[in-house]
Amino acid sequence: MPSGLVALLDDVSVIARAAAASVDDISVAAGKAGTKTAGVVIDDAAVTPSYVTGLSPARELPIIWSITKGSLFNKLVILLPGAILLSEFLPGAIIWILMLGGAFLSYEGAEKVMEKLGWAKHGKTVEDEIGDPAEFEKKRVAGAIRTDLILSAEIMAITLNELDLPTWWERALALALVGLVVTVAVYGAVALIVKMDDAGLHLSRQEGTASRRLGRFLLASMPRLLVALSLIGTVAMLWVGGGIIVHGTHEVGFDLLYDFAHGIEYAVKGATGALSGVLGWASYAAVSAVIGLVLGFVIALVLHKVLGVASGEAH
């Protein structure tokens, strides 16, 4: 009996170690895959503050919480099961879905560049007059959750494409982990951003000189931060969108874009010595962004000028 108990305990310890190793593999894979979603995450963080623009400061955090819950539902209830089914039964479709997401990112980034250059804005904007605040808030939250569904689909597709885990449940846990971390990071950052001016105003009214200076700094920094986030988000969309297209077309046998982008990267690496790694990567990212911009520009022209389609959400 004791020997049987010892054998059982030994088996349990082996299973526990295997489970621990699996959890470690999942966390590592999720971390690596999550870094590939940086462009989408930055864009999400840059876009989301616009959904509380024009509304009462008291409603900002409740609105962000509503969008956060909608985002978690999008990722964990709608997209995760579909992603696992695809990975199990139709893995070849993942690269095509990924390229659709890359094309959408390129289109969104190019449209923002076009609007900055003076082209007409399409769809609703945050400058629209607010009639019924409650109805406006409801529509704004619904619109944010719809937009989040698209961005979340891209995040899940990018993550799934980067995972190299053998079983469906490991992939599911990694996807859930990335989805949870990304959602908390994005909407936590958004909550801090939208309340930064309130914190600055509060500090600027305090008695201490240091508090007042910090408060004035936060108030002065808020507009610049939003502009910087918008710029970074646009660049990130074009870089990631173009990079997905470059990689995806190579995966399906069309090597022109891949060879062009990596040819420039290798040429820069060969000419820059000690900085070759950084400058090589930067050149590849820049070429990817230009490819994304050109592709997005073509898509925007076809949609708006040829088909007459207007984009639906706030810019």
# chains A, B, ... in the order shown; residues from 1 in each chain; ligands from 1

$ residues_around --residues "Trp168 in chain A" --least-positions-apart "5" --cutoff "8 Å" --atoms "only C-alpha atoms" --output "ChimeraX atom specification"
/A:84,87-88

$ write_last_selection --atoms "all heavy atoms" --output "short mmCIF file (atom, residue, chain, number, x, y, z; two decimals), in the first residue's frame"
data_model
loop_
_atom_site.label_atom_id
_atom_site.label_comp_id
_atom_site.auth_asym_id
_atom_site.auth_seq_id
_atom_site.Cartn_x
_atom_site.Cartn_y
_atom_site.Cartn_z
N ILE A 84 -10.45 29.29 -32.43
CA ILE A 84 -10.05 27.91 -32.11
C ILE A 84 -10.59 26.95 -33.16
O ILE A 84 -9.89 26.03 -33.62
CB ILE A 84 -10.52 27.51 -30.70
CG1 ILE A 84 -9.81 28.37 -29.65
CG2 ILE A 84 -10.26 26.04 -30.45
CD1 ILE A 84 -8.30 28.31 -29.70
N SER A 87 -8.42 27.26 -36.20
CA SER A 87 -7.11 26.65 -36.03
C SER A 87 -7.17 25.12 -36.07
O SER A 87 -6.22 24.46 -36.47
CB SER A 87 -6.47 27.10 -34.71
OG SER A 87 -7.16 26.56 -33.59
N GLU A 88 -8.32 24.57 -35.68
CA GLU A 88 -8.48 23.11 -35.67
C GLU A 88 -8.89 22.56 -37.02
O GLU A 88 -8.38 21.53 -37.46
CB GLU A 88 -9.52 22.72 -34.62
CG GLU A 88 -9.03 22.75 -33.18
CD GLU A 88 -8.02 21.67 -32.88
OE1 GLU A 88 -8.36 20.48 -33.00
OE2 GLU A 88 -6.87 22.00 -32.56
#

$ atom_distance --atom1 "CA of Leu163 in chain A" --atom2 "CA of Ala236 in chain A"
21.6 Å

$ residues_around --residues "Ser106 in chain A" --least-positions-apart "3" --cutoff "9 Å" --atoms "only C-alpha atoms" --output "list in words"
Gly101, Gly102, Ala103, Gly109, Ala110, Glu111, Met237, Leu238, Trp239, Val240, Gly241, Gly242, Ala289, Ile291, Gly292, Leu293, Val294, Leu295, Gly296, Phe297 and Ile299 of chain A

$ write_last_selection --atoms "N, CA and C atoms" --output "CSV table (one decimal), in the first residue's frame"
chain,number,residue,atom,x,y,z
A,101,GLY,N,-7.4,41.7,-42.3
A,101,GLY,CA,-7.2,42.7,-41.2
A,101,GLY,C,-6.1,43.7,-41.5
A,102,GLY,N,-5.0,43.2,-42.1
A,102,GLY,CA,-4.0,44.1,-42.5
A,102,GLY,C,-4.4,45.2,-43.5
A,103,ALA,N,-5.3,44.7,-44.5
A,103,ALA,CA,-5.8,45.7,-45.4
A,103,ALA,C,-6.7,46.7,-44.7
A,109,GLY,N,-5.5,53.7,-41.5
A,109,GLY,CA,-4.4,54.6,-41.4
A,109,GLY,C,-4.3,55.5,-42.5
A,110,ALA,N,-4.5,55.0,-43.8
A,110,ALA,CA,-4.4,55.9,-44.9
A,110,ALA,C,-5.5,57.0,-44.9
A,111,GLU,N,-6.7,56.6,-44.5
A,111,GLU,CA,-7.8,57.5,-44.4
A,111,GLU,C,-7.5,58.7,-43.5
A,237,MET,N,-0.7,51.7,-37.3
A,237,MET,CA,-1.6,51.0,-38.1
A,237,MET,C,-1.0,50.7,-39.5
A,238,LEU,N,-0.4,51.7,-40.1
A,238,LEU,CA,0.2,51.6,-41.4
A,238,LEU,C,1.4,50.6,-41.4
A,239,TRP,N,2.2,50.7,-40.3
A,239,TRP,CA,3.4,49.7,-40.2
A,239,TRP,C,2.9,48.3,-40.0
A,240,VAL,N,2.0,48.1,-39.1
A,240,VAL,CA,1.5,46.7,-38.8
A,240,VAL,C,0.7,46.2,-40.0
A,241,GLY,N,-0.2,47.0,-40.5
A,241,GLY,CA,-1.0,46.6,-41.7
A,241,GLY,C,-0.2,46.3,-42.9
A,242,GLY,N,0.8,47.1,-43.2
A,242,GLY,CA,1.6,46.8,-44.3
A,242,GLY,C,2.5,45.6,-44.1
A,289,ALA,N,5.2,50.4,-43.7
A,289,ALA,CA,4.3,51.5,-43.6
A,289,ALA,C,3.9,52.2,-44.9
A,291,ILE,N,4.0,50.7,-47.9
A,291,ILE,CA,3.2,49.7,-48.6
A,291,ILE,C,1.8,49.8,-48.0
A,292,GLY,N,1.6,49.9,-46.7
A,292,GLY,CA,0.3,50.0,-46.1
A,292,GLY,C,-0.4,51.3,-46.5
A,293,LEU,N,0.3,52.4,-46.6
A,293,LEU,CA,-0.2,53.6,-47.0
A,293,LEU,C,-0.7,53.6,-48.4
A,294,VAL,N,0.1,53.0,-49.3
A,294,VAL,CA,-0.4,52.9,-50.7
A,294,VAL,C,-1.6,52.0,-50.9
A,295,LEU,N,-1.5,50.9,-50.2
A,295,LEU,CA,-2.7,49.9,-50.3
A,295,LEU,C,-3.9,50.6,-49.7
A,296,GLY,N,-3.8,51.3,-48.5
A,296,GLY,CA,-4.9,51.9,-47.9
A,296,GLY,C,-5.5,53.0,-48.7
A,297,PHE,N,-4.6,53.8,-49.4
A,297,PHE,CA,-5.0,54.9,-50.3
A,297,PHE,C,-5.9,54.3,-51.4
A,299,ILE,N,-7.6,51.5,-51.4
A,299,ILE,CA,-8.9,51.0,-50.9
A,299,ILE,C,-9.8,52.2,-50.6

$ residues_around --residues "range 66-69 of chain A" --least-positions-apart "6" --cutoff "12 Å" --atoms "only C-alpha atoms" --output "PyMOL selection string"
chain A and resi 44-45+48-49+51-52+59-60+75-77+137-149+152+179-191

$ atom_distance --atom1 "CA of Ala220 in chain A" --atom2 "CA of Val235 in chain A"
24.0 Å

$ atom_distance --atom1 "CA of Asp255 in chain A" --atom2 "CA of Leu105 in chain A"
21.0 Å

$ closest_residue --among "A:Arg216, A:Lys305, A:Arg224, A:Arg171" --to "Ala199 in chain A" --atoms "only C-alpha atoms"
A:Arg216

$ residues_around --residues "Leu279 in chain A" --least-positions-apart "3" --cutoff "7 Å" --atoms "only C-alpha atoms" --output "PyMOL selection string"
chain A and resi 268-269+275-276+282-283
